[in-house]
$ cat entry-v4.tsv   # TSV, C-alpha atoms
chain	number	residue	atom	x	y	z
A	1	MET	CA	135.83	103.90	137.08
A	2	THR	CA	134.22	107.13	135.97
A	3	SER	CA	133.20	107.53	132.34
A	4	ASN	CA	136.02	109.89	131.49
A	5	GLU	CA	138.72	107.42	132.52
A	6	ASN	CA	138.19	105.09	129.54
A	7	PRO	CA	140.36	102.27	130.86
A	8	ALA	CA	141.49	99.95	128.07
A	9	ILE	CA	143.87	97.79	130.07
A	10	LEU	CA	144.56	97.47	133.79
A	11	ILE	CA	147.36	95.22	134.98
A	12	ARG	CA	147.76	94.66	138.72
A	13	HIS	CA	150.79	93.51	140.68
A	14	PRO	CA	150.29	90.79	143.27
A	15	GLN	CA	149.93	92.50	146.67
A	16	TRP	CA	153.17	90.98	147.98
A	17	LEU	CA	155.10	92.51	145.05
A	18	SER	CA	153.95	96.05	145.76
A	19	ARG	CA	155.17	95.62	149.34
A	20	ALA	CA	158.47	94.06	148.20
A	21	VAL	CA	159.17	96.88	145.73
A	22	ALA	CA	158.53	99.54	148.39
A	23	MET	CA	160.92	97.76	150.76
A	24	HIS	CA	163.71	97.11	148.26
A	25	LYS	CA	163.64	100.70	146.98
A	26	GLN	CA	165.20	101.76	150.28
A	27	GLN	CA	168.69	100.45	149.53
A	28	ALA	CA	171.15	100.42	146.62
A	29	TYR	CA	172.23	97.27	144.76
A	30	PRO	CA	175.66	98.11	143.30
A	31	ASP	CA	176.54	94.50	142.53
A	32	ILE	CA	175.05	92.87	139.42
A	33	THR	CA	174.77	89.54	141.23
A	34	GLU	CA	172.79	91.15	144.05
A	35	ARG	CA	170.43	92.74	141.56
A	36	MET	CA	169.87	89.42	139.83
A	37	GLN	CA	169.42	87.57	143.13
A	38	LEU	CA	166.73	90.07	144.10
A	39	VAL	CA	164.94	89.47	140.79
A	40	ILE	CA	165.24	85.68	141.13
A	41	ALA	CA	163.79	85.93	144.65
A	42	LEU	CA	160.77	87.79	143.20
A	43	ALA	CA	160.28	85.03	140.59
A	44	ARG	CA	160.47	82.42	143.35
A	45	THR	CA	157.94	84.26	145.51
A	46	ASN	CA	155.61	84.52	142.51
A	47	ILE	CA	155.43	80.75	142.17
A	48	GLU	CA	155.31	80.13	145.93
A	49	GLN	CA	152.39	82.55	146.23
A	50	ALA	CA	150.78	81.08	143.07
A	51	SER	CA	150.40	84.64	141.79
A	52	GLY	CA	151.71	84.01	138.25
A	53	GLY	CA	154.42	82.42	136.13
A	54	PRO	CA	158.07	81.71	137.11
A	55	PHE	CA	159.54	84.95	135.78
A	56	ALA	CA	160.47	88.33	137.29
A	57	ALA	CA	162.19	91.48	136.04
A	58	ALA	CA	163.20	94.84	137.45
A	59	ILE	CA	164.36	98.24	136.29
A	60	PHE	CA	167.37	99.73	138.09
A	61	ASP	CA	168.84	103.22	137.88
A	62	MET	CA	172.34	102.62	136.43
A	63	THR	CA	173.80	105.56	138.36
A	64	SER	CA	172.39	105.05	141.87
A	65	HIS	CA	171.84	101.28	141.47
A	66	ARG	CA	168.46	101.69	143.10
A	67	LEU	CA	165.34	99.74	142.20
A	68	ILE	CA	162.86	101.81	140.17
A	69	ALA	CA	160.15	99.25	139.39
A	70	ALA	CA	159.62	95.50	139.18
A	71	GLY	CA	157.27	93.07	137.55
A	72	VAL	CA	156.43	89.40	137.69
A	73	ASN	CA	154.60	87.33	135.11
A	74	VAL	CA	150.88	87.93	135.74
A	75	VAL	CA	149.47	86.71	132.41
A	76	VAL	CA	146.85	84.35	133.84
A	77	PRO	CA	145.59	86.35	136.86
A	78	ASN	CA	145.31	89.53	134.75
A	79	ALA	CA	143.82	87.79	131.67
A	80	CYS	CA	146.48	89.51	129.56
A	81	SER	CA	148.96	87.59	127.41
A	82	MET	CA	151.32	90.55	127.22
A	83	ALA	CA	151.77	90.72	131.02
A	84	HIS	CA	155.24	89.16	130.95
A	85	ALA	CA	157.56	90.24	133.76
A	86	GLU	CA	159.69	92.43	131.49
A	87	MET	CA	156.66	94.22	130.01
A	88	VAL	CA	155.24	94.91	133.47
A	89	ALA	CA	158.58	96.17	134.84
A	90	ILE	CA	159.22	98.45	131.84
A	91	SER	CA	155.70	99.90	131.70
A	92	SER	CA	155.52	100.31	135.43
A	93	ALA	CA	158.79	102.30	135.43
A	94	GLN	CA	157.64	104.44	132.48
A	95	GLN	CA	154.29	105.31	134.05
A	96	GLN	CA	155.94	106.05	137.39
A	97	LEU	CA	158.47	108.36	135.72
A	98	GLN	CA	155.78	109.69	133.35
A	99	THR	CA	157.74	109.09	130.16
A	100	HIS	CA	157.38	106.52	127.37
A	101	ASP	CA	161.16	106.72	126.90
A	102	LEU	CA	163.42	105.48	129.71
A	103	GLY	CA	166.36	106.63	127.54
A	104	THR	CA	165.47	110.31	127.68
A	105	ASP	CA	168.34	112.60	128.71
A	106	GLN	CA	166.23	113.95	131.59
A	107	ILE	CA	166.65	110.81	133.71
A	108	PRO	CA	169.62	108.52	134.46
A	109	GLY	CA	170.25	105.49	132.24
A	110	MET	CA	168.13	102.48	133.12
A	111	GLU	CA	168.92	98.76	133.20
A	112	LEU	CA	166.47	95.85	132.89
A	113	VAL	CA	167.40	92.78	134.94
A	114	SER	CA	165.35	89.73	133.98
A	115	SER	CA	165.30	86.28	135.54
A	116	CYS	CA	165.22	84.76	132.03
A	117	GLU	CA	166.14	85.70	128.46
A	118	PRO	CA	163.36	87.72	126.80
A	119	CYS	CA	160.87	86.20	124.36
A	120	ALA	CA	160.16	87.62	120.88
A	121	MET	CA	157.63	90.14	122.23
A	122	CYS	CA	159.87	91.33	125.05
A	123	VAL	CA	162.89	91.76	122.72
A	124	GLY	CA	160.73	94.10	120.65
A	125	ALA	CA	159.44	95.90	123.73
A	126	ILE	CA	163.00	96.38	125.02
A	127	THR	CA	163.86	98.07	121.72
A	128	TRP	CA	161.14	100.68	122.24
A	129	SER	CA	161.58	101.10	126.01
A	130	GLY	CA	164.68	103.29	126.14
A	131	ILE	CA	166.59	100.98	128.52
A	132	ARG	CA	170.36	101.01	128.02
A	133	LYS	CA	171.29	97.57	129.32
A	134	LEU	CA	169.70	94.12	129.60
A	135	VAL	CA	170.90	91.54	132.13
A	136	CYS	CA	169.51	87.98	131.86
A	137	GLY	CA	169.57	85.03	134.26
A	138	ALA	CA	168.21	81.77	132.84
A	139	ALA	CA	168.84	80.97	129.17
A	140	ALA	CA	166.16	80.33	126.54
A	141	GLU	CA	166.83	76.60	126.71
A	142	ASP	CA	166.14	76.59	130.45
A	143	ALA	CA	162.65	77.97	129.73
A	144	ALA	CA	162.22	75.62	126.76
A	145	ASN	CA	163.11	72.67	129.01
A	146	ILE	CA	159.90	73.27	130.96
A	147	GLY	CA	157.77	74.00	127.89
A	148	PHE	CA	157.95	77.82	127.58
A	149	ASP	CA	158.57	78.91	124.00
A	150	GLU	CA	160.52	82.12	123.21
A	151	GLY	CA	158.39	82.63	120.08
A	152	PRO	CA	159.57	84.01	116.72
A	153	ARG	CA	162.54	85.89	118.13
A	154	HIS	CA	165.04	87.42	115.69
A	155	PRO	CA	167.87	84.86	115.31
A	156	GLN	CA	170.45	87.59	116.10
A	157	TRP	CA	168.40	89.30	118.81
A	158	GLN	CA	171.39	90.20	120.98
A	159	ALA	CA	173.24	91.83	118.08
A	160	GLU	CA	170.02	93.63	117.08
A	161	LEU	CA	169.71	95.13	120.57
A	162	GLN	CA	173.40	96.05	120.65
A	163	LYS	CA	173.03	97.82	117.27
A	164	ARG	CA	170.48	100.03	119.05
A	165	ASP	CA	172.93	100.85	121.89
A	166	ILE	CA	171.39	98.39	124.35
A	167	SER	CA	174.10	96.24	125.91
A	168	VAL	CA	173.26	92.63	126.76
A	169	ILE	CA	174.71	90.41	129.47
A	170	THR	CA	173.48	86.82	129.77
A	171	GLU	CA	173.71	83.93	132.24
A	172	ILE	CA	174.10	85.91	135.46
A	173	CYS	CA	173.25	83.43	138.25
A	174	ARG	CA	171.86	81.18	135.52
A	175	ASP	CA	171.66	78.07	137.73
A	176	ASN	CA	169.69	79.85	140.45
A	177	ALA	CA	167.34	81.35	137.89
A	178	ALA	CA	166.84	78.01	136.13
A	179	ALA	CA	166.11	76.36	139.48
A	180	VAL	CA	162.98	78.52	139.83
A	181	LEU	CA	161.76	77.26	136.44
A	182	GLN	CA	162.32	73.66	137.55
A	183	GLU	CA	160.50	74.36	140.80
A	184	TYR	CA	157.52	75.74	138.85
A	185	THR	CA	157.27	72.45	136.97
A	186	ARG	CA	157.44	70.51	140.25
A	187	LEU	CA	154.53	72.61	141.55
A	188	ASN	CA	152.55	71.79	138.34
A	189	GLY	CA	152.48	75.44	137.28
A	190	LYS	CA	150.54	76.31	134.17
A	191	ILE	CA	152.53	76.37	130.89
A	192	TYR	CA	150.39	78.65	128.77
A	193	ASN	CA	152.63	79.71	125.89
A	194	GLY	CA	152.67	76.33	124.22
A	195	ARG	CA	150.47	76.95	121.17
A	196	SER	CA	153.38	76.26	118.81
A	197	SER	CA	153.53	72.67	120.01
A	198	GLN	CA	149.86	71.98	119.32
B	199	MET	CA	142.86	103.36	143.84
B	200	THR	CA	142.53	101.38	147.05
B	201	SER	CA	145.59	99.69	148.47
B	202	ASN	CA	144.49	96.20	147.52
B	203	GLU	CA	144.28	97.05	143.83
B	204	ASN	CA	148.05	97.31	143.30
B	205	PRO	CA	147.87	98.83	139.82
B	206	ALA	CA	151.09	98.28	137.90
B	207	ILE	CA	149.95	99.63	134.55
B	208	LEU	CA	146.86	101.53	133.44
B	209	ILE	CA	146.34	102.28	129.76
B	210	ARG	CA	143.41	104.47	128.76
B	211	HIS	CA	141.65	104.82	125.43
B	212	PRO	CA	140.99	108.32	124.12
B	213	GLN	CA	137.40	109.19	125.02
B	214	TRP	CA	136.30	109.31	121.37
B	215	LEU	CA	137.52	105.70	120.88
B	216	SER	CA	135.41	104.31	123.72
B	217	ARG	CA	132.38	105.95	122.13
B	218	ALA	CA	133.31	104.71	118.63
B	219	VAL	CA	133.78	101.12	119.83
B	220	ALA	CA	130.37	101.13	121.57
B	221	MET	CA	128.75	102.41	118.38
B	222	HIS	CA	130.49	100.06	115.94
B	223	LYS	CA	129.74	96.99	118.09
B	224	GLN	CA	126.10	97.33	117.07
B	225	GLN	CA	126.57	96.01	113.53
B	226	ALA	CA	128.42	93.20	111.73
B	227	TYR	CA	131.30	93.75	109.30
B	228	PRO	CA	131.25	90.66	107.03
B	229	ASP	CA	133.52	92.20	104.40
B	230	ILE	CA	137.28	92.33	105.04
B	231	THR	CA	137.52	95.69	103.27
B	232	GLU	CA	134.83	97.16	105.53
B	233	ARG	CA	136.65	95.92	108.62
B	234	MET	CA	139.91	97.47	107.39
B	235	GLN	CA	138.21	100.74	106.45
B	236	LEU	CA	136.78	100.96	109.98
B	237	VAL	CA	140.26	100.45	111.44
B	238	ILE	CA	141.83	103.00	109.07
B	239	ALA	CA	139.11	105.49	110.09
B	240	LEU	CA	140.10	104.99	113.76
B	241	ALA	CA	143.77	105.63	112.91
B	242	ARG	CA	142.76	108.79	111.05
B	243	THR	CA	140.62	110.02	113.94
B	244	ASN	CA	143.54	109.38	116.32
B	245	ILE	CA	145.76	111.81	114.43
B	246	GLU	CA	142.98	114.33	113.83
B	247	GLN	CA	142.20	114.36	117.56
B	248	ALA	CA	145.95	114.43	118.40
B	249	SER	CA	145.32	111.54	120.79
B	250	GLY	CA	148.25	109.35	119.69
B	251	GLY	CA	150.18	107.87	116.76
B	252	PRO	CA	148.84	107.07	113.26
B	253	PHE	CA	147.96	103.43	113.93
B	254	ALA	CA	144.80	101.54	114.88
B	255	ALA	CA	143.84	97.88	115.28
B	256	ALA	CA	140.73	95.92	116.18
B	257	ILE	CA	139.70	92.42	117.18
B	258	PHE	CA	136.73	90.91	115.31
B	259	ASP	CA	134.80	87.71	116.04
B	260	MET	CA	135.48	85.54	112.94
B	261	THR	CA	132.03	83.92	113.15
B	262	SER	CA	129.72	86.90	113.71
B	263	HIS	CA	132.08	89.46	112.12
B	264	ARG	CA	131.33	91.78	115.00
B	265	LEU	CA	133.80	94.16	116.60
B	266	ILE	CA	135.03	92.92	120.00
B	267	ALA	CA	137.63	95.56	120.92
B	268	ALA	CA	139.81	98.21	119.33
B	269	GLY	CA	142.96	100.12	120.12
B	270	VAL	CA	144.87	103.08	118.78
B	271	ASN	CA	148.50	103.95	119.41
B	272	VAL	CA	148.55	105.78	122.77
B	273	VAL	CA	152.28	105.48	123.58
B	274	VAL	CA	152.90	109.15	124.32
B	275	PRO	CA	149.66	110.11	126.19
B	276	ASN	CA	149.88	106.98	128.38
B	277	ALA	CA	153.67	107.19	128.95
B	278	CYS	CA	153.92	103.56	127.88
B	279	SER	CA	156.10	102.40	124.97
B	280	MET	CA	154.21	99.13	124.65
B	281	ALA	CA	150.87	100.88	124.02
B	282	HIS	CA	150.88	100.14	120.28
B	283	ALA	CA	147.45	99.79	118.67
B	284	GLU	CA	147.72	96.00	118.31
B	285	MET	CA	148.76	95.53	121.97
B	286	VAL	CA	145.88	97.68	123.20
B	287	ALA	CA	143.31	95.91	120.98
B	288	ILE	CA	144.50	92.42	121.98
B	289	SER	CA	144.72	93.14	125.72
B	290	SER	CA	141.44	95.02	125.74
B	291	ALA	CA	139.68	92.03	124.11
B	292	GLN	CA	141.33	89.58	126.53
B	293	GLN	CA	140.39	91.54	129.62
B	294	GLN	CA	136.84	92.07	128.35
B	295	LEU	CA	136.46	88.31	127.68
B	296	GLN	CA	138.39	87.48	130.86
B	297	THR	CA	140.88	85.16	129.20
B	298	HIS	CA	144.59	85.52	128.37
B	299	ASP	CA	143.98	83.22	125.37
B	300	LEU	CA	141.73	84.44	122.56
B	301	GLY	CA	142.25	81.01	120.96
B	302	THR	CA	140.48	79.07	123.70
B	303	ASP	CA	137.79	76.68	122.47
B	304	GLN	CA	135.23	78.41	124.68
B	305	ILE	CA	134.95	81.47	122.42
B	306	PRO	CA	134.78	81.91	118.62
B	307	GLY	CA	138.00	82.38	116.65
B	308	MET	CA	139.29	85.95	116.68
B	309	GLU	CA	140.92	88.07	113.97
B	310	LEU	CA	143.23	91.08	114.43
B	311	VAL	CA	142.85	93.79	111.79
B	312	SER	CA	145.69	96.32	111.92
B	313	SER	CA	146.14	99.50	109.91
B	314	CYS	CA	149.85	98.64	109.47
B	315	GLU	CA	152.10	95.58	109.57
B	316	PRO	CA	153.12	94.71	113.14
B	317	CYS	CA	156.51	95.64	114.62
B	318	ALA	CA	158.84	93.13	116.31
B	319	MET	CA	157.05	93.48	119.66
B	320	CYS	CA	153.58	93.11	118.19
B	321	VAL	CA	154.58	90.02	116.15
B	322	GLY	CA	155.63	88.41	119.42
B	323	ALA	CA	152.47	89.55	121.19
B	324	ILE	CA	150.31	88.16	118.37
B	325	THR	CA	151.98	84.79	118.89
B	326	TRP	CA	150.87	84.69	122.55
B	327	SER	CA	147.44	86.26	122.05
B	328	GLY	CA	145.50	83.31	120.65
B	329	ILE	CA	144.24	85.19	117.60
B	330	ARG	CA	143.75	83.00	114.50
B	331	LYS	CA	144.17	85.54	111.73
B	332	LEU	CA	146.07	88.80	111.12
B	333	VAL	CA	144.98	91.30	108.46
B	334	CYS	CA	147.34	94.22	107.69
B	335	GLY	CA	146.81	97.49	105.80
B	336	ALA	CA	149.96	99.57	105.27
B	337	ALA	CA	153.26	97.77	104.67
B	338	ALA	CA	156.39	98.08	106.79
B	339	GLU	CA	157.98	100.35	104.16
B	340	ASP	CA	155.04	102.76	104.39
B	341	ALA	CA	155.77	103.18	108.11
B	342	ALA	CA	159.53	103.34	107.46
B	343	ASN	CA	158.94	106.09	104.88
B	344	ILE	CA	157.77	108.40	107.68
B	345	GLY	CA	160.46	107.28	110.16
B	346	PHE	CA	158.75	104.49	112.13
B	347	ASP	CA	161.02	101.47	112.58
B	348	GLU	CA	159.60	97.92	112.78
B	349	GLY	CA	162.43	96.93	115.12
B	350	PRO	CA	164.27	93.57	115.23
B	351	ARG	CA	161.44	91.60	113.65
B	352	HIS	CA	162.09	87.97	112.65
B	353	PRO	CA	163.04	88.04	108.92
B	354	GLN	CA	160.39	85.34	108.21
B	355	TRP	CA	157.77	86.73	110.58
B	356	GLN	CA	154.80	85.83	108.40
B	357	ALA	CA	155.94	82.21	108.02
B	358	GLU	CA	156.62	82.09	111.79
B	359	LEU	CA	153.05	83.17	112.54
B	360	GLN	CA	151.64	80.73	109.96
B	361	LYS	CA	153.63	77.88	111.55
B	362	ARG	CA	151.64	78.67	114.71
B	363	ASP	CA	148.30	78.44	112.87
B	364	ILE	CA	147.88	82.21	112.56
B	365	SER	CA	147.01	83.14	108.97
B	366	VAL	CA	148.34	86.43	107.63
B	367	ILE	CA	146.85	88.67	104.93
B	368	THR	CA	148.70	91.86	103.96
B	369	GLU	CA	148.07	95.02	101.95
B	370	ILE	CA	144.29	95.26	102.40
B	371	CYS	CA	143.43	98.88	101.47
B	372	ARG	CA	147.16	99.59	101.66
B	373	ASP	CA	146.95	102.97	99.90
B	374	ASN	CA	144.26	104.28	102.26
B	375	ALA	CA	146.19	103.05	105.29
B	376	ALA	CA	149.46	104.56	104.04
B	377	ALA	CA	147.68	107.87	103.40
B	378	VAL	CA	147.04	108.19	107.16
B	379	LEU	CA	150.77	107.80	107.80
B	380	GLN	CA	151.54	110.52	105.27
B	381	GLU	CA	148.91	112.77	106.83
B	382	TYR	CA	150.54	112.28	110.26
B	383	THR	CA	153.82	113.57	108.85
B	384	ARG	CA	152.04	116.55	107.32
B	385	LEU	CA	150.58	117.34	110.77
B	386	ASN	CA	154.12	117.13	112.27
B	387	GLY	CA	153.19	114.15	114.44
B	388	LYS	CA	155.79	112.83	116.85
B	389	ILE	CA	158.02	110.00	115.52
B	390	TYR	CA	159.15	108.36	118.74
B	391	ASN	CA	160.44	104.94	117.72
B	392	GLY	CA	163.50	106.27	115.99
B	393	ARG	CA	166.25	105.30	118.46
B	394	SER	CA	167.91	103.02	115.91
B	395	SER	CA	168.65	105.97	113.68
B	396	GLN	CA	170.37	107.98	116.44
$ encode --input "entry-v4.tsv" --output "structure tokens"
Amino acid sequence: MTSNENPAILIRHPQWLSRAVAMHKQQAYPDITERMQLVIALARTNIEQASGGPFAAAIFDMTSHRLIAAGVNVVVPNACSMAHAEMVAISSAQQQLQTHDLGTDQIPGMELVSSCEPCAMCVGAITWSGIRKLVCGAAAEDAANIGFDEGPRHPQWQAELQKRDISVITEICRDNAAAVLQEYTRLNGKIYNGRSSQ
Amino acid sequence: MTSNENPAILIRHPQWLSRAVAMHKQQAYPDITERMQLVIALARTNIEQASGGPFAAAIFDMTSHRLIAAGVNVVVPNACSMAHAEMVAISSAQQQLQTHDLGTDQIPGMELVSSCEPCAMCVGAITWSGIRKLVCGAAAEDAANIGFDEGPRHPQWQAELQKRDISVITEICRDNAAAVLQEYTRLNGKIYNGRSSQ
């Protein structure tokens, strides 16, 4: 890095994810189930490659149904507790499109597809991101079953997002998404968000 | 960037902040008011330099009272809606110390000093960060008075943090911190978190 770059934070994708995103950008995913299955496959690859936690998320263009950006949970390898899949996918899309607001009128509406319901931090981040729609796979209790805490989320988080014109759809392919969480436990994956239980 | 780096997100400090952090690391700040005044000064410089929003935050070692890392709001210049001051300070400290958990027993306890109460996203991020103590300057209503929304924050966010062994102190130098927010308005600074009011 040169002195005038002043990097504060650098978050890297696993190498396999950069390749997967480039490949999957080449086709459209008009069906919500197909979009979720793609995201669940990324979460599964993340645990199989031991490149992070059992979560993935992706931003899709709601008009063309094409993949814009994706993220997997890379908290531990990047030494960054905010590197949840949703945060990585949102920020990656914003920096690629060079706007902090994915809801700007200058681009099509954007959807966030996540393999699991968002935690407290990600609900807040979704509010500021400009996305128009959130689609979730596994439910909070599926994550809680393996020891991941959703944190101090607003009790009416879905209604709070909807008040801000962000529609929310839950439990798309829930069983498939939850199966990845179970598989993570079987592989003895690290549960690192458990401070509340200490 | 080389192909094996796979950058997903890169957030840069303003140049003046990197210099300020290097300078302020050279002394200890045993007094809570001094720590807050340093953070408020960073927020003020951020608006004077037009390098971001009117917010700053810093991580201090609770044993030595030395500055570990700082962040200012760089949402717009970095095209990244999650680049709130608290997120930048926390992640910057974690990456510098090479741990996703600032609460690990291998390092001293860490405190986050923020020029304003945290929004919904930052409350969640604080939960996962490992910090032991949060100190706030301006109150949520001071930010709301100039059009910044705290988002869908848990109604009992302070109690939720305290349940997780994170102590919370509010309204340290509140008037000075709020004055920076007022000054931002006077300078016609961009209010970009206002989707809820649309």
$ residues_around --input "entry-v4.tsv" --residues "Asn73 (chain A)" --least-positions-apart "4" --cutoff "7 Å" --atoms "all atoms listed in the file" --output "PDB file with C-alpha atoms, in the frame of the given file"
ATOM      1  CA  GLY A  52     151.710  84.010 138.250  1.00  0.00           C
ATOM      2  CA  GLY A  53     154.420  82.420 136.130  1.00  0.00           C
ATOM      3  CA  PRO A  54     158.070  81.710 137.110  1.00  0.00           C
ATOM      4  CA  PHE A  55     159.540  84.950 135.780  1.00  0.00           C
ATOM      5  CA  ALA A  56     160.470  88.330 137.290  1.00  0.00           C
ATOM      6  CA  ALA A  83     151.770  90.720 131.020  1.00  0.00           C
ATOM      7  CA  HIS A  84     155.240  89.160 130.950  1.00  0.00           C
ATOM      8  CA  ALA A  85     157.560  90.240 133.760  1.00  0.00           C
TER       9      ALA A  85
END
$ residues_around --input "entry-v4.tsv" --residues "region 40-50 of chain A" --least-positions-apart "6" --cutoff "12 Å" --atoms "all atoms listed in the file" --output "ChimeraX atom specification"
/A:13-21,24,33-34,56-58,70-74,76-77,84-86,113-116,136-138,172-190
$ closest_atom_pairs --input "entry-v4.tsv" --of "chain B" --to "chain A" --cutoff "6 Å" --atoms "all atoms listed in the file" --output "JSON lines"
{"residue": "B:Asn204", "atom": "CA", "partner": "A:Arg12", "partner_atom": "CA", "distance": 5.3}
{"residue": "B:Pro205", "atom": "CA", "partner": "A:Arg12", "partner_atom": "CA", "distance": 4.3}
{"residue": "B:Ala206", "atom": "CA", "partner": "A:Arg12", "partner_atom": "CA", "distance": 5.0}
{"residue": "B:Ile207", "atom": "CA", "partner": "A:Ile11", "partner_atom": "CA", "distance": 5.1}
{"residue": "B:Leu208", "atom": "CA", "partner": "A:Leu10", "partner_atom": "CA", "distance": 4.7}
{"residue": "B:Ile209", "atom": "CA", "partner": "A:Ile9", "partner_atom": "CA", "distance": 5.1}
{"residue": "B:Arg210", "atom": "CA", "partner": "A:Pro7", "partner_atom": "CA", "distance": 4.3}
{"residue": "B:His211", "atom": "CA", "partner": "A:Asn6", "partner_atom": "CA", "distance": 5.4}
{"residue": "B:Ala277", "atom": "CA", "partner": "A:His100", "partner_atom": "CA", "distance": 4.1}
{"residue": "B:Cys278", "atom": "CA", "partner": "A:His100", "partner_atom": "CA", "distance": 4.6}
{"residue": "B:Ser279", "atom": "CA", "partner": "A:His100", "partner_atom": "CA", "distance": 4.9}
{"residue": "B:Ser289", "atom": "CA", "partner": "A:Cys80", "partner_atom": "CA", "distance": 5.6}
{"residue": "B:Ser290", "atom": "CA", "partner": "A:Ala8", "partner_atom": "CA", "distance": 5.5}
{"residue": "B:Gln292", "atom": "CA", "partner": "A:Cys80", "partner_atom": "CA", "distance": 6.0}
{"residue": "B:Gln293", "atom": "CA", "partner": "A:Ala79", "partner_atom": "CA", "distance": 5.5}
{"residue": "B:Gln296", "atom": "CA", "partner": "A:Ala79", "partner_atom": "CA", "distance": 5.5}
{"residue": "B:Thr297", "atom": "CA", "partner": "A:Ala79", "partner_atom": "CA", "distance": 4.7}
{"residue": "B:His298", "atom": "CA", "partner": "A:Ala79", "partner_atom": "CA", "distance": 4.1}
{"residue": "B:Ala318", "atom": "CA", "partner": "A:Gly124", "partner_atom": "CA", "distance": 4.8}
{"residue": "B:Met319", "atom": "CA", "partner": "A:Gly124", "partner_atom": "CA", "distance": 3.9}
{"residue": "B:Gly322", "atom": "CA", "partner": "A:Met121", "partner_atom": "CA", "distance": 3.9}
{"residue": "B:Ala323", "atom": "CA", "partner": "A:Met121", "partner_atom": "CA", "distance": 5.3}
{"residue": "B:Trp326", "atom": "CA", "partner": "A:Ser81", "partner_atom": "CA", "distance": 6.0}
{"residue": "B:Ser327", "atom": "CA", "partner": "A:Ser81", "partner_atom": "CA", "distance": 5.7}
{"residue": "B:Arg351", "atom": "CA", "partner": "A:His154", "partner_atom": "CA", "distance": 5.9}
{"residue": "B:His352", "atom": "CA", "partner": "A:His154", "partner_atom": "CA", "distance": 4.3}
{"residue": "B:Arg362", "atom": "CA", "partner": "A:Ser196", "partner_atom": "CA", "distance": 5.1}
{"residue": "B:Ser394", "atom": "CA", "partner": "A:Arg164", "partner_atom": "CA", "distance": 5.0}
$ write_last_selection --input "entry-v4.tsv" --atoms "C-alpha atoms" --output "short mmCIF file (atom, residue, chain, number, x, y, z; two decimals), keeping the file's coordinate frame"
data_model
loop_
_atom_site.label_atom_id
_atom_site.label_comp_id
_atom_site.auth_asym_id
_atom_site.auth_seq_id
_atom_site.Cartn_x
_atom_site.Cartn_y
_atom_site.Cartn_z
CA ASN B 204 148.05 97.31 143.30
CA PRO B 205 147.87 98.83 139.82
CA ALA B 206 151.09 98.28 137.90
CA ILE B 207 149.95 99.63 134.55
CA LEU B 208 146.86 101.53 133.44
CA ILE B 209 146.34 102.28 129.76
CA ARG B 210 143.41 104.47 128.76
CA HIS B 211 141.65 104.82 125.43
CA ALA B 277 153.67 107.19 128.95
CA CYS B 278 153.92 103.56 127.88
CA SER B 279 156.10 102.40 124.97
CA SER B 289 144.72 93.14 125.72
CA SER B 290 141.44 95.02 125.74
CA GLN B 292 141.33 89.58 126.53
CA GLN B 293 140.39 91.54 129.62
CA GLN B 296 138.39 87.48 130.86
CA THR B 297 140.88 85.16 129.20
CA HIS B 298 144.59 85.52 128.37
CA ALA B 318 158.84 93.13 116.31
CA MET B 319 157.05 93.48 119.66
CA GLY B 322 155.63 88.41 119.42
CA ALA B 323 152.47 89.55 121.19
CA TRP B 326 150.87 84.69 122.55
CA SER B 327 147.44 86.26 122.05
CA ARG B 351 161.44 91.60 113.65
CA HIS B 352 162.09 87.97 112.65
CA ARG B 362 151.64 78.67 114.71
CA SER B 394 167.91 103.02 115.91
#
$ atom_distance --input "entry-v4.tsv" --atom1 "CA of Val366 (chain B)" --atom2 "CA of Val237 (chain B)"
16.6 Å
$ atom_distance --input "entry-v4.tsv" --atom1 "CA of Pro306 (chain B)" --atom2 "CA of Met260 (chain B)"
6.8 Å
$ atom_distance --input "entry-v4.tsv" --atom1 "CA of Asp259 (chain B)" --atom2 "CA of Asp340 (chain B)"
27.8 Å
$ closest_residue --input "entry-v4.tsv" --among "B:Gly345, B:Ile230, B:Asp303, B:Thr368" --to "Leu332 (chain B)" --atoms "all atoms listed in the file"
B:Thr368
$ decode --input "entry-v4.tsv" --residues "region 41-47 of chain A" --atoms "N, CA and C atoms" --output "compact mmCIF listing (two decimals), in the first residue's frame"
# COMPACT_ATOMS: atom_id res chain seq x y z
N ALA A 41 -25.81 -22.72 -1.96
CA ALA A 41 -24.63 -23.44 -2.48
C ALA A 41 -23.34 -22.70 -2.10
N LEU A 42 -23.38 -21.37 -2.10
CA LEU A 42 -22.19 -20.59 -1.69
C LEU A 42 -21.89 -20.81 -0.20
N ALA A 43 -22.95 -20.84 0.62
CA ALA A 43 -22.75 -21.09 2.06
C ALA A 43 -22.15 -22.47 2.27
N ARG A 44 -22.64 -23.44 1.51
CA ARG A 44 -22.13 -24.81 1.63
C ARG A 44 -20.66 -24.88 1.22
N THR A 45 -20.34 -24.22 0.11
CA THR A 45 -18.93 -24.24 -0.33
C THR A 45 -18.04 -23.57 0.71
N ASN A 46 -18.54 -22.52 1.35
CA ASN A 46 -17.73 -21.82 2.36
C ASN A 46 -17.34 -22.75 3.51
N ILE A 47 -18.26 -23.62 3.91
CA ILE A 47 -17.87 -24.53 5.01
C ILE A 47 -17.03 -25.69 4.48
